[in-house]
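Chemist: The structure's right below; bear with me while I get my questions together.
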Amino acid sequence: MLRFAVALFAVITSSTCQKYGCLEGDTHKLKPSPEPNMHECTLYSKSSCCYADFTEQLAHSPVIKIKNSYWNRCGQLSKSCEDFTKKIECFYRCSPHAAHWIHPSYTAAIQSVPLCQSFCDDWYEACKDDSICVRNWLTDWEWDESGENHCKNKCIPYSEMYANGTDMCQNMWGESFKVSKSSCLCLQMNKKDMMAIKYLLSESSEESSSSSSSSEEHACQKKLLKFEKLKGEEGEQAR
């Protein structure tokens, strides 16, 4: 899993925000650059904050561990749950936009990244029957001297640990993610994100009046509909 625990306790805080750079994690580049030979996380291959060789760890299923952080402390994840976990790992490690939500105190961590409600609901549905032993992946593990994670408590189903997708998204990684009220100005960890990011990264989106925010929501929805229509037409032509 993501080594946010190391980020939260071991990183030296930077005095400046890397607006156009990457997070300061143990696998991050200083600045994003193309990685055409990525084994996984190909959504970010044109501009990546991780190196292609890092993604080798994610390329084979089941994923046992990333660095020293084990994914299987409560048994192997189901393929559907693993796929969502990979998306989160890829975003944190590789996205050139993750640093926009850099944690104000820990420069290897993120804070309040807006996820779409539908993404969180689908993630929860994919993982609800898998098992987990920690509610917060940042703070609830027991870490041994070699830096490996271990359960403190018994394994229980995700559906018992979290009430729903919102509860899971907003607690599983501490403050890292939040569920957006918008259905468009949010991330889904797929190609649609490029439209949302265009508006999310604008200054007016960051500190906007309700009217300008509404305008951006409308513009984003319009772009999204156009994108879905285009994809639909491409699908028809492929038949």
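By convention here, the chains of the structure tokens are called A, B, ... in the order presented, each chain's residues are numbered starting at 1, and ligands are numbered starting at 1 in the order presented.
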Please run DSSP on the backbone and report, as a list in words, all residues within range 11-187 of chain A that come out as strand (DSSP E or B).
Modeler: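 Residues meeting the strand (DSSP E or B) criterion: Ser33, Ser48, Lys65, Ile66, Ser69, Tyr70, Arg73, Gly75, Ile102, Ile110, Val113, Pro114, Leu115, Ser131, Ile132, Glu142, Trp143, Asn149, His150, Ile156, Pro157, Phe177, Lys178, Val179 and Leu187 of chain A.
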Chemist: Residues of range 96-200 of chain A that approach range 69-88 of chain A to 9 Å or less, counting only C-alpha atoms: could you list each one with the shortest pair of atoms and its distance in Å to one decimal, rows by chain and increasing residue number, as CSV?
Modeler:
residue,atom,partner,partner_atom,distance
A:Asp122,CA,A:Phe84,CA,8.8
A:Trp123,CA,A:Phe84,CA,6.1
A:Tyr124,CA,A:Cys81,CA,8.3
A:Glu125,CA,A:Cys81,CA,8.5
A:Ala126,CA,A:Cys81,CA,4.9
A:Cys127,CA,A:Cys81,CA,4.7
A:Lys128,CA,A:Cys81,CA,8.4
A:Asp129,CA,A:Ser78,CA,8.6
A:Asp130,CA,A:Leu77,CA,6.3
A:Ser131,CA,A:Cys74,CA,5.6
A:Ile132,CA,A:Cys74,CA,5.8
A:Cys133,CA,A:Cys74,CA,6.9
A:Gly147,CA,A:Ser69,CA,7.8
A:Glu148,CA,A:Ser69,CA,5.6
A:Asn149,CA,A:Ser69,CA,5.7
A:His150,CA,A:Arg73,CA,6.9
A:Cys151,CA,A:Arg73,CA,7.0
A:Lys154,CA,A:Cys74,CA,8.6
A:Cys155,CA,A:Cys74,CA,5.8
A:Ile156,CA,A:Cys74,CA,8.3
A:Met189,CA,A:Lys87,CA,6.2
A:Asn190,CA,A:Lys87,CA,8.6
Chemist: Work out how far apart CA of Val113 in chain A and CA of Phe177 in chain A are and give it in Å to one decimal.
Modeler: 4.5 Å
Chemist: Pick out the closest residue to Leu185 in chain A from this set: A:Gln117, A:Ser33, A:Gln170, A:Asn153. Count only C-alpha atoms.
Modeler: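 Once distances to Leu185 in chain A are computed over only C-alpha atoms, the minimum belongs to A:Gln117.
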Chemist: When you look at Asn171 in chain A with a cut-off of 12 Å (counting only C-alpha atoms), what residues show up, excluding the ones that are within fewer than 6 positions of it in the same chain? I need them as a list in words.
Modeler: Gln111, Ser112, Cys120, Val134, Arg135, Asn136, Trp137, Leu138, Thr139, Asp140, Met161, Tyr162, Ala163, Asn164, Gly165, Phe177, Lys178 and Val179 of chain A
Chemist: Can you write just those residues out, C-alpha atoms, as a PDB file, in the first residue's frame?
Modeler:
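Output saved as again18.pdb:
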ATOM      1  CA  GLN A 111      -4.696  16.478   1.447  1.00  0.00           C
ATOM      2  CA  SER A 112      -8.341  16.848   0.373  1.00  0.00           C
ATOM      3  CA  CYS A 120     -15.979   6.090  -4.054  1.00  0.00           C
ATOM      4  CA  VAL A 134      -6.926  -0.961   9.875  1.00  0.00           C
ATOM      5  CA  ARG A 135      -9.363   1.902   9.397  1.00  0.00           C
ATOM      6  CA  ASN A 136      -6.685   4.493   8.656  1.00  0.00           C
ATOM      7  CA  TRP A 137      -3.829   3.229   6.477  1.00  0.00           C
ATOM      8  CA  LEU A 138      -1.656   6.157   7.565  1.00  0.00           C
ATOM      9  CA  THR A 139      -1.708   5.665  11.304  1.00  0.00           C
ATOM     10  CA  ASP A 140      -3.212   2.326  12.334  1.00  0.00           C
ATOM     11  CA  MET A 161     -14.924  -1.243   8.781  1.00  0.00           C
ATOM     12  CA  TYR A 162     -16.617   1.420   6.611  1.00  0.00           C
ATOM     13  CA  ALA A 163     -20.289   2.323   6.400  1.00  0.00           C
ATOM     14  CA  ASN A 164     -20.213   3.279   2.707  1.00  0.00           C
ATOM     15  CA  GLY A 165     -18.061   4.708  -0.064  1.00  0.00           C
ATOM     16  CA  PHE A 177      -9.142  12.446   0.002  1.00  0.00           C
ATOM     17  CA  LYS A 178     -12.569  14.010   0.259  1.00  0.00           C
ATOM     18  CA  VAL A 179     -15.798  13.253  -1.589  1.00  0.00           C
TER      19      VAL A 179
END
Chemist: Can you list every residue in range 116-152 of chain A that DSSP puts in helix (DSSP H, G or I), as a list in words?
Modeler: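 Going through range 116-152 of chain A, the helix (DSSP H, G or I) residues come out as Gln117, Ser118, Phe119, Cys120, Asp121, Asp122, Trp123, Tyr124, Glu125, Ala126 and Cys127 of chain A.
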Chemist: Of the candidates A:Ser183, A:Asn37, A:Ser159, A:Thr42, which shows the shortest atom-to-atom distance to Lys222 in chain A, using only C-alpha atoms?
Modeler: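 Once distances to Lys222 in chain A are computed over only C-alpha atoms, the minimum belongs to A:Ser183.
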Chemist: What's the 12 Å shell around range 46-49 of chain A, counting only C-alpha atoms, without same-chain residues fewer than 2 positions away, as a ChimeraX atom specification?
Modeler: /A:20-38,40-44,51-52,54-55,90-99
Chemist: How would the residues just picked look written out with N, CA, C and O atoms as a short mmCIF file (atom, residue, chain, number, x, y, z; two decimals), in the first residue's frame?
Modeler:
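File produced: result-v5.cif:
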data_model
loop_
_atom_site.label_atom_id
_atom_site.label_comp_id
_atom_site.auth_asym_id
_atom_site.auth_seq_id
_atom_site.Cartn_x
_atom_site.Cartn_y
_atom_site.Cartn_z
N TYR A 20 4.67 23.19 -9.76
CA TYR A 20 4.80 22.51 -11.02
C TYR A 20 5.69 21.27 -10.91
O TYR A 20 6.14 20.74 -11.91
N GLY A 21 5.95 20.82 -9.70
CA GLY A 21 6.80 19.66 -9.50
C GLY A 21 6.01 18.47 -8.98
O GLY A 21 4.83 18.31 -9.27
N CYS A 22 6.69 17.61 -8.24
CA CYS A 22 6.08 16.40 -7.71
C CYS A 22 6.11 16.43 -6.18
O CYS A 22 6.78 17.27 -5.58
N LEU A 23 5.39 15.54 -5.58
CA LEU A 23 5.46 15.36 -4.14
C LEU A 23 6.88 14.92 -3.78
O LEU A 23 7.64 14.47 -4.63
N GLU A 24 7.22 15.02 -2.50
CA GLU A 24 8.58 14.69 -2.09
C GLU A 24 8.63 13.32 -1.41
O GLU A 24 9.26 13.15 -0.36
N GLY A 25 7.97 12.34 -2.02
CA GLY A 25 7.99 10.99 -1.49
C GLY A 25 9.25 10.23 -1.88
O GLY A 25 10.07 10.71 -2.66
N ASP A 26 9.38 9.01 -1.36
CA ASP A 26 10.62 8.25 -1.56
C ASP A 26 10.78 7.69 -2.97
O ASP A 26 11.86 7.23 -3.33
N THR A 27 9.71 7.72 -3.77
CA THR A 27 9.83 7.23 -5.16
C THR A 27 9.56 8.31 -6.19
O THR A 27 9.56 8.04 -7.39
N HIS A 28 9.33 9.54 -5.74
CA HIS A 28 8.94 10.61 -6.66
C HIS A 28 10.14 11.28 -7.34
O HIS A 28 11.21 11.41 -6.75
N LYS A 29 9.92 11.72 -8.55
CA LYS A 29 10.89 12.55 -9.25
C LYS A 29 10.81 13.98 -8.70
O LYS A 29 9.87 14.32 -7.97
N LEU A 30 11.75 14.81 -9.09
CA LEU A 30 11.66 16.22 -8.73
C LEU A 30 10.59 16.91 -9.56
O LEU A 30 9.82 17.72 -9.05
N LYS A 31 10.54 16.56 -10.85
CA LYS A 31 9.54 17.14 -11.75
C LYS A 31 9.02 16.04 -12.69
O LYS A 31 9.75 15.11 -13.03
N PRO A 32 7.77 16.16 -13.12
CA PRO A 32 7.21 15.14 -14.01
C PRO A 32 7.86 15.16 -15.39
O PRO A 32 8.27 16.21 -15.88
N SER A 33 7.93 13.99 -15.98
CA SER A 33 8.47 13.85 -17.34
C SER A 33 7.87 12.59 -17.95
O SER A 33 7.33 11.73 -17.25
N PRO A 34 7.94 12.44 -19.27
CA PRO A 34 7.35 11.28 -19.94
C PRO A 34 7.98 9.96 -19.51
O PRO A 34 9.19 9.89 -19.26
N GLU A 35 7.17 8.91 -19.42
CA GLU A 35 7.63 7.56 -19.13
C GLU A 35 6.90 6.60 -20.08
O GLU A 35 5.92 5.96 -19.70
N PRO A 36 7.35 6.49 -21.31
CA PRO A 36 6.63 5.70 -22.32
C PRO A 36 6.61 4.20 -22.06
O PRO A 36 5.80 3.48 -22.65
N ASN A 37 7.49 3.71 -21.17
CA ASN A 37 7.60 2.27 -20.95
C ASN A 37 7.00 1.82 -19.61
O ASN A 37 7.47 0.84 -19.02
N MET A 38 5.99 2.51 -19.16
CA MET A 38 5.37 2.16 -17.87
C MET A 38 4.66 0.81 -17.98
O MET A 38 4.00 0.51 -18.96
N GLU A 40 2.46 -0.17 -15.58
CA GLU A 40 1.15 0.10 -14.98
C GLU A 40 1.07 1.62 -14.83
O GLU A 40 2.01 2.32 -15.15
N CYS A 41 -0.07 2.15 -14.42
CA CYS A 41 -0.22 3.59 -14.23
C CYS A 41 -0.06 4.36 -15.54
O CYS A 41 0.41 5.51 -15.56
N THR A 42 -0.41 3.75 -16.66
CA THR A 42 -0.19 4.35 -17.97
C THR A 42 -1.01 5.62 -18.20
O THR A 42 -0.73 6.35 -19.15
N LEU A 43 -1.98 5.88 -17.34
CA LEU A 43 -2.74 7.13 -17.43
C LEU A 43 -1.80 8.33 -17.33
O LEU A 43 -2.09 9.41 -17.87
N TYR A 44 -0.65 8.14 -16.67
CA TYR A 44 0.28 9.24 -16.44
C TYR A 44 1.57 9.10 -17.25
O TYR A 44 2.57 9.76 -16.94
N TYR A 51 9.00 6.79 -11.87
CA TYR A 51 9.78 6.15 -12.93
C TYR A 51 9.10 4.86 -13.37
O TYR A 51 8.40 4.21 -12.59
N ALA A 52 9.30 4.49 -14.62
CA ALA A 52 8.66 3.30 -15.18
C ALA A 52 9.00 2.04 -14.37
O ALA A 52 8.14 1.17 -14.18
N PHE A 54 9.37 1.67 -11.27
CA PHE A 54 8.54 1.54 -10.06
C PHE A 54 7.26 0.77 -10.36
O PHE A 54 6.79 -0.04 -9.55
N THR A 55 6.68 1.00 -11.52
CA THR A 55 5.39 0.41 -11.85
C THR A 55 5.46 -1.10 -12.08
O THR A 55 4.42 -1.76 -12.16
N CYS A 90 -1.29 4.61 -8.04
CA CYS A 90 -0.76 5.28 -9.23
C CYS A 90 -0.93 6.79 -9.14
O CYS A 90 -0.01 7.55 -9.52
N PHE A 91 -2.07 7.24 -8.66
CA PHE A 91 -2.29 8.69 -8.53
C PHE A 91 -1.25 9.29 -7.59
O PHE A 91 -0.61 10.29 -7.91
N TYR A 92 -1.10 8.70 -6.42
CA TYR A 92 -0.17 9.24 -5.43
C TYR A 92 1.27 9.23 -5.94
O TYR A 92 2.00 10.20 -5.81
N ARG A 93 1.67 8.13 -6.52
CA ARG A 93 3.06 7.97 -6.95
C ARG A 93 3.38 8.70 -8.24
O ARG A 93 4.49 9.22 -8.40
N CYS A 94 2.44 8.70 -9.19
CA CYS A 94 2.77 9.07 -10.56
C CYS A 94 2.09 10.32 -11.11
O CYS A 94 2.59 10.92 -12.07
N SER A 95 0.95 10.71 -10.58
CA SER A 95 0.23 11.84 -11.15
C SER A 95 1.03 13.13 -11.08
O SER A 95 1.54 13.50 -10.02
N PRO A 96 1.12 13.86 -12.21
CA PRO A 96 1.82 15.15 -12.20
C PRO A 96 1.00 16.24 -11.53
O PRO A 96 1.49 17.36 -11.33
N HIS A 97 -0.25 15.92 -11.18
CA HIS A 97 -1.13 16.92 -10.56
C HIS A 97 -1.31 16.72 -9.06
O HIS A 97 -1.89 17.58 -8.39
N ALA A 98 -0.81 15.62 -8.52
CA ALA A 98 -1.01 15.33 -7.10
C ALA A 98 -0.46 16.43 -6.20
O ALA A 98 -1.04 16.74 -5.16
N ALA A 99 0.66 17.05 -6.61
CA ALA A 99 1.27 18.09 -5.79
C ALA A 99 0.40 19.34 -5.65
O ALA A 99 0.64 20.18 -4.78
#
Chemist: Under the rule that only C-alpha atoms are counted, which of A:Glu160, A:Asp167, A:Glu142, A:Asp121 is the nearest residue to Gln188 in chain A?
Modeler: A:Asp121
Chemist: What does the structure give for the distance between CA of Cys184 in chain A and CA of Tyr106 in chain A, in Å to one decimal?
Modeler: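 Rounded to one decimal, the two atoms are 28.1 Å apart.
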Chemist: Please, what distance in Å, to one decimal, runs between CA of Asp193 in chain A and CA of Ser105 in chain A?
Modeler: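 Atom-to-atom, CA of Asp193 in chain A to CA of Ser105 in chain A, that is 26.1 Å.
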Chemist: Looking at A:Ala109, A:Cys186, A:Cys50, A:Ile66, which one is nearest to Gly174 in chain A, with distances taken over only C-alpha atoms?
Modeler: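 Of all the options, A:Ala109 lies closest to Gly174 in chain A.
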